[in-house]
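Below is one structure, written out as structure tokens; the observations come after it.
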Amino acid sequence: MKKNISIKDYPNIDFSKIPGTGKVYDELPYLTDTDAQLLAVLPIESDYYLLFDKTVFFPEEGGQSPDKGIISISGQDIEVTDVHIQKADGIEYIFHRVNASVGDFVCGLTSGASATMSIDWSHRYSNMQNHSGEHIFSGLVHKHFGYNNVGFHLSDNSVTMDYNGPLSPEDLAKLEYEANYVIRANFPILCDFPSKEKLESLEYRSKIELEGKVRIVTIPEVDVCACCAPHVFSTCEVGQLIIISSQNYKGGVRISILCGERAYAYIRENKAYLDDLSHKMALPYDKISKEIDKLYTEISGLKAEIFSYQRELLSYKLDKLPHSYADICITPGKTDSRVMRDTINDLKEDRPGYLMILSGTDSSYNYIMGSSDKDCRKVLKELQKELDIKGGGKPEMIQGSITEPMDKIREVLERYSFVII
């Protein structure tokens, strides 16, 4: 598990004498390359961290995953595996993680060495599209419902937001529609650092106590919010926004969205599934759902018939044995667990000892055991001495699984006086 560096990990280094890291991405979010000077190489565990006077890499911050890319220094290209930020005495340091395979090389570097940084632009732009889309959606939620975004995570493949209030399916449909209207309207997305005086009078989301300058992202008529991440210049660059899931969460709701290229890829993937289903069923899209409902009804009816036949088969097998037989194990092959349970409940009162039903094939079995006059848990403990058998329950009924060949199961059960049919 990766460990983020901390200023406290280096008590012998006076970071006050090391300049902070300039954030090139604040003013130039579309810049993909920049020159920088190395300030320090810091080893920790099996990795190394490079500290520069400035960076084009956005670190893991504000719920967003960091940029990816390459640092070219002294003729070698080094992959950046993680980027994160630390603050000390009001100064911000951005650390670039590189792995141990280049440890000897980076340890030989000296302070002041020149480097060229290059970020993975497709990854950066995808994050920009999705983060800007989140601001549009969260701004509309706040505008119409007054809810706050109390949780946010933007990874390489998902965007989730937690709101402190409920949203119905109808609410979400309207929000999604309006968000895409805002995207098409091509509103500007403005990022700036207001003065302290202006900030105090400004109404914006995420208005909490923050150290240093506060960066405000504004989408006119839609959202004003404090944010540290790079954004696209206008809403049309978000492309499109789709809600892919929603669930109740801590008294509010958790929403997952996708924007831009991610939304397009999601739609294409799901269309491919629909195309495949349409081809297999020889039906157009608009008739698939109705046909599936019809098939589901038919399958439910067939299952009910199968369950009935299985129940009759179990009873028939048991009726063939003399009533005096105790400790019986029935092996009907694959049988539904509900049928097994109902059969045990119905018939265990009519038989002394244990009644066990074993379902499955190929050394993987499920079982249910019941008894009206014995403690099933006791025989389970005995069987566990010789079989890979798991389970539990009450004295009158237990259930679980056995991972053993049938020959061995049969041998052990017969030694415990079970009659196997």
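Identifiers in the structure tokens: chain A, B, ... in order shown; residue index from 1 per chain; ligand index from 1 in order shown.
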Skipping near chain neighbours, those fewer than 3 positions away, what residues fall within 7 Å of Gln129 of chain A using only C-alpha atoms, listed as a PDB file with N, CA and C atoms, in the first residue's frame?
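Output (around02.pdb):
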ATOM      1  N   TYR A 125      -7.317  15.986 -19.546  1.00  0.00           N
ATOM      2  CA  TYR A 125      -8.509  16.586 -20.132  1.00  0.00           C
ATOM      3  C   TYR A 125      -9.763  15.835 -19.715  1.00  0.00           C
ATOM      4  N   SER A 126      -9.655  14.511 -19.592  1.00  0.00           N
ATOM      5  CA  SER A 126     -10.794  13.726 -19.121  1.00  0.00           C
ATOM      6  C   SER A 126     -11.182  14.149 -17.704  1.00  0.00           C
ATOM      7  N   SER A 132     -15.489  19.592 -14.279  1.00  0.00           N
ATOM      8  CA  SER A 132     -16.356  20.712 -14.657  1.00  0.00           C
ATOM      9  C   SER A 132     -17.812  20.255 -14.721  1.00  0.00           C
ATOM     10  N   GLY A 133     -18.045  19.026 -15.209  1.00  0.00           N
ATOM     11  CA  GLY A 133     -19.396  18.485 -15.226  1.00  0.00           C
ATOM     12  C   GLY A 133     -19.960  18.334 -13.827  1.00  0.00           C
ATOM     13  N   VAL A 232     -12.105  23.004 -17.698  1.00  0.00           N
ATOM     14  CA  VAL A 232     -12.184  23.432 -19.086  1.00  0.00           C
ATOM     15  C   VAL A 232     -12.609  24.896 -19.128  1.00  0.00           C
ATOM     16  N   GLU A 237     -17.264  22.197 -23.610  1.00  0.00           N
ATOM     17  CA  GLU A 237     -16.171  21.234 -23.643  1.00  0.00           C
ATOM     18  C   GLU A 237     -16.451  20.004 -22.782  1.00  0.00           C
ATOM     19  N   VAL A 238     -17.416  20.112 -21.872  1.00  0.00           N
ATOM     20  CA  VAL A 238     -17.797  18.950 -21.055  1.00  0.00           C
ATOM     21  C   VAL A 238     -18.407  17.868 -21.951  1.00  0.00           C
ATOM     22  N   CYS A 259     -18.837  12.147 -17.856  1.00  0.00           N
ATOM     23  CA  CYS A 259     -18.892  13.279 -18.773  1.00  0.00           C
ATOM     24  C   CYS A 259     -17.902  13.081 -19.908  1.00  0.00           C
ATOM     25  N   GLY A 260     -18.130  13.820 -20.996  1.00  0.00           N
ATOM     26  CA  GLY A 260     -17.162  13.875 -22.080  1.00  0.00           C
ATOM     27  C   GLY A 260     -16.867  12.529 -22.697  1.00  0.00           C
TER      28      GLY A 260
END
For segment 143-159 of chain A, find every residue with an atom within 7 Å (counting only C-alpha atoms), except residues of its own chain fewer than 4 positions away, and show them as a compact mmCIF listing (two decimals) with C-alpha atoms, in the first residue's frame.
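Contents of out-v4.txt, as written:
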# COMPACT_ATOMS: atom_id res chain seq x y z
CA GLY A 63 -11.18 14.41 -4.13
CA GLN A 64 -9.52 14.19 -7.56
CA SER A 65 -6.89 11.72 -8.70
CA SER A 138 -23.69 20.15 -8.03
CA GLY A 139 -24.43 23.81 -8.79
CA TYR A 163 -25.54 15.21 -1.35
CA ASN A 164 -27.08 15.83 2.05
CA GLY A 165 -30.67 15.43 0.93
CA SER A 256 -22.32 8.67 -10.08
CA ILE A 257 -21.91 10.52 -13.37
CA LEU A 258 -19.75 10.40 -16.46
Excluding same-chain residues fewer than 3 positions from segment 22-25 of chain A, what lies within 8 Å of it counting only C-alpha atoms, as a list in words?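 The filter keeps Leu28, Pro29, Tyr30, Leu31, Asp53, Lys54, Thr55, Val56, Phe57, Phe58 and Pro230 of chain A.
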Please run DSSP on the backbone and report, as a ChimeraX atom specification, all residues within segment 98-201 of chain A that come out as strand (DSSP E or B). /A:98,114-119,149-154,159-163,188,190-192
Can I get the selected residues back with C-alpha atoms, as a PDB file, in the first residue's frame?
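See selection09.pdb below for the written result:
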ATOM      1  CA  VAL A  98       8.904   7.698  -8.837  1.00  0.00           C
ATOM      2  CA  SER A 114      16.998  21.073 -15.032  1.00  0.00           C
ATOM      3  CA  ALA A 115      13.999  18.941 -15.929  1.00  0.00           C
ATOM      4  CA  THR A 116      11.146  18.903 -18.433  1.00  0.00           C
ATOM      5  CA  MET A 117       7.720  17.775 -17.253  1.00  0.00           C
ATOM      6  CA  SER A 118       5.110  16.310 -19.604  1.00  0.00           C
ATOM      7  CA  ILE A 119       1.641  15.259 -18.474  1.00  0.00           C
ATOM      8  CA  ASN A 149     -22.009  18.307  -1.988  1.00  0.00           C
ATOM      9  CA  VAL A 150     -20.634  16.641   1.158  1.00  0.00           C
ATOM     10  CA  GLY A 151     -18.511  14.018  -0.593  1.00  0.00           C
ATOM     11  CA  PHE A 152     -16.711  13.952  -3.920  1.00  0.00           C
ATOM     12  CA  HIS A 153     -14.390  11.503  -5.628  1.00  0.00           C
ATOM     13  CA  LEU A 154     -13.006  11.701  -9.156  1.00  0.00           C
ATOM     14  CA  VAL A 159     -17.154  10.398 -10.548  1.00  0.00           C
ATOM     15  CA  THR A 160     -19.248  10.171  -7.380  1.00  0.00           C
ATOM     16  CA  MET A 161     -20.957  12.928  -5.401  1.00  0.00           C
ATOM     17  CA  ASP A 162     -22.746  12.703  -2.051  1.00  0.00           C
ATOM     18  CA  TYR A 163     -25.542  15.212  -1.348  1.00  0.00           C
ATOM     19  CA  PRO A 188     -17.738  30.316 -19.682  1.00  0.00           C
ATOM     20  CA  LEU A 190     -14.040  31.280 -14.860  1.00  0.00           C
ATOM     21  CA  CYS A 191     -11.273  30.598 -12.344  1.00  0.00           C
ATOM     22  CA  ASP A 192      -9.723  33.339 -10.206  1.00  0.00           C
TER      23      ASP A 192
END
task = Could you find all residues in segment 59-142 of chain A that DSSP calls alpha helix (DSSP H) from the backbone, and write them as a PyMOL selection string?
result = chain A and resi 103-107+121-142
Could those selected residues go to a file with N, CA and C atoms, as an mmCIF file, in the first residue's frame?
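Result file is again03.cif:
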data_model
loop_
_atom_site.group_PDB
_atom_site.id
_atom_site.type_symbol
_atom_site.label_atom_id
_atom_site.label_comp_id
_atom_site.auth_asym_id
_atom_site.auth_seq_id
_atom_site.Cartn_x
_atom_site.Cartn_y
_atom_site.Cartn_z
ATOM 1 N N GLY A 103 15.931 4.465 -8.505
ATOM 2 C CA GLY A 103 16.456 5.013 -7.254
ATOM 3 C C GLY A 103 17.902 5.461 -7.339
ATOM 4 N N ASP A 104 18.778 4.597 -7.891
ATOM 5 C CA ASP A 104 20.198 4.959 -7.979
ATOM 6 C C ASP A 104 20.387 6.199 -8.838
ATOM 7 N N PHE A 105 19.590 6.288 -9.911
ATOM 8 C CA PHE A 105 19.717 7.429 -10.813
ATOM 9 C C PHE A 105 19.306 8.727 -10.124
ATOM 10 N N VAL A 106 18.127 8.736 -9.501
ATOM 11 C CA VAL A 106 17.640 9.990 -8.911
ATOM 12 C C VAL A 106 18.480 10.389 -7.694
ATOM 13 N N CYS A 107 19.036 9.415 -6.983
ATOM 14 C CA CYS A 107 19.878 9.758 -5.837
ATOM 15 C C CYS A 107 21.171 10.458 -6.279
ATOM 16 N N TRP A 121 -1.944 14.178 -21.496
ATOM 17 C CA TRP A 121 -3.002 15.158 -21.752
ATOM 18 C C TRP A 121 -4.393 14.521 -21.805
ATOM 19 N N SER A 122 -4.523 13.345 -22.377
ATOM 20 C CA SER A 122 -5.846 12.720 -22.458
ATOM 21 C C SER A 122 -6.410 12.457 -21.062
ATOM 22 N N HIS A 123 -5.538 12.051 -20.136
ATOM 23 C CA HIS A 123 -5.975 11.823 -18.753
ATOM 24 C C HIS A 123 -6.358 13.140 -18.089
ATOM 25 N N ARG A 124 -5.533 14.176 -18.251
ATOM 26 C CA ARG A 124 -5.828 15.490 -17.671
ATOM 27 C C ARG A 124 -7.140 16.037 -18.212
ATOM 28 N N TYR A 125 -7.317 15.986 -19.546
ATOM 29 C CA TYR A 125 -8.509 16.586 -20.132
ATOM 30 C C TYR A 125 -9.763 15.835 -19.715
ATOM 31 N N SER A 126 -9.655 14.511 -19.592
ATOM 32 C CA SER A 126 -10.794 13.726 -19.121
ATOM 33 C C SER A 126 -11.182 14.149 -17.704
ATOM 34 N N ASN A 127 -10.199 14.346 -16.843
ATOM 35 C CA ASN A 127 -10.485 14.817 -15.490
ATOM 36 C C ASN A 127 -11.093 16.219 -15.500
ATOM 37 N N MET A 128 -10.590 17.088 -16.391
ATOM 38 C CA MET A 128 -11.143 18.436 -16.493
ATOM 39 C C MET A 128 -12.608 18.395 -16.923
ATOM 40 N N GLN A 129 -12.909 17.585 -17.934
ATOM 41 C CA GLN A 129 -14.291 17.466 -18.385
ATOM 42 C C GLN A 129 -15.203 16.992 -17.264
ATOM 43 N N ASN A 130 -14.771 15.960 -16.556
ATOM 44 C CA ASN A 130 -15.621 15.376 -15.523
ATOM 45 C C ASN A 130 -15.737 16.258 -14.292
ATOM 46 N N HIS A 131 -14.664 16.954 -13.928
ATOM 47 C CA HIS A 131 -14.742 17.844 -12.770
ATOM 48 C C HIS A 131 -15.620 19.056 -13.076
ATOM 49 N N SER A 132 -15.489 19.592 -14.279
ATOM 50 C CA SER A 132 -16.356 20.712 -14.657
ATOM 51 C C SER A 132 -17.812 20.255 -14.721
ATOM 52 N N GLY A 133 -18.045 19.026 -15.209
ATOM 53 C CA GLY A 133 -19.396 18.485 -15.226
ATOM 54 C C GLY A 133 -19.960 18.334 -13.827
ATOM 55 N N GLU A 134 -19.117 17.935 -12.886
ATOM 56 C CA GLU A 134 -19.565 17.829 -11.487
ATOM 57 C C GLU A 134 -19.979 19.182 -10.950
ATOM 58 N N HIS A 135 -19.235 20.257 -11.283
ATOM 59 C CA HIS A 135 -19.604 21.601 -10.825
ATOM 60 C C HIS A 135 -20.961 22.017 -11.397
ATOM 61 N N ILE A 136 -21.198 21.683 -12.657
ATOM 62 C CA ILE A 136 -22.499 22.009 -13.255
ATOM 63 C C ILE A 136 -23.611 21.294 -12.501
ATOM 64 N N PHE A 137 -23.440 19.994 -12.293
ATOM 65 C CA PHE A 137 -24.487 19.198 -11.641
ATOM 66 C C PHE A 137 -24.681 19.625 -10.191
ATOM 67 N N SER A 138 -23.586 19.773 -9.447
ATOM 68 C CA SER A 138 -23.691 20.151 -8.035
ATOM 69 C C SER A 138 -24.248 21.567 -7.886
ATOM 70 N N GLY A 139 -23.884 22.457 -8.831
ATOM 71 C CA GLY A 139 -24.433 23.809 -8.794
ATOM 72 C C GLY A 139 -25.934 23.802 -8.975
ATOM 73 N N LEU A 140 -26.423 22.961 -9.875
ATOM 74 C CA LEU A 140 -27.867 22.878 -10.107
ATOM 75 C C LEU A 140 -28.580 22.242 -8.915
ATOM 76 N N VAL A 141 -27.967 21.219 -8.309
ATOM 77 C CA VAL A 141 -28.555 20.616 -7.104
ATOM 78 C C VAL A 141 -28.679 21.667 -6.002
ATOM 79 N N HIS A 142 -27.623 22.462 -5.811
ATOM 80 C CA HIS A 142 -27.642 23.505 -4.782
ATOM 81 C C HIS A 142 -28.660 24.593 -5.123
#
Hey, what's within 10 Å of Ser195 of chain A if we count only C-alpha atoms and toss same-chain stuff fewer than 4 positions away? As a ChimeraX atom specification, please? /A:199-200,213-214
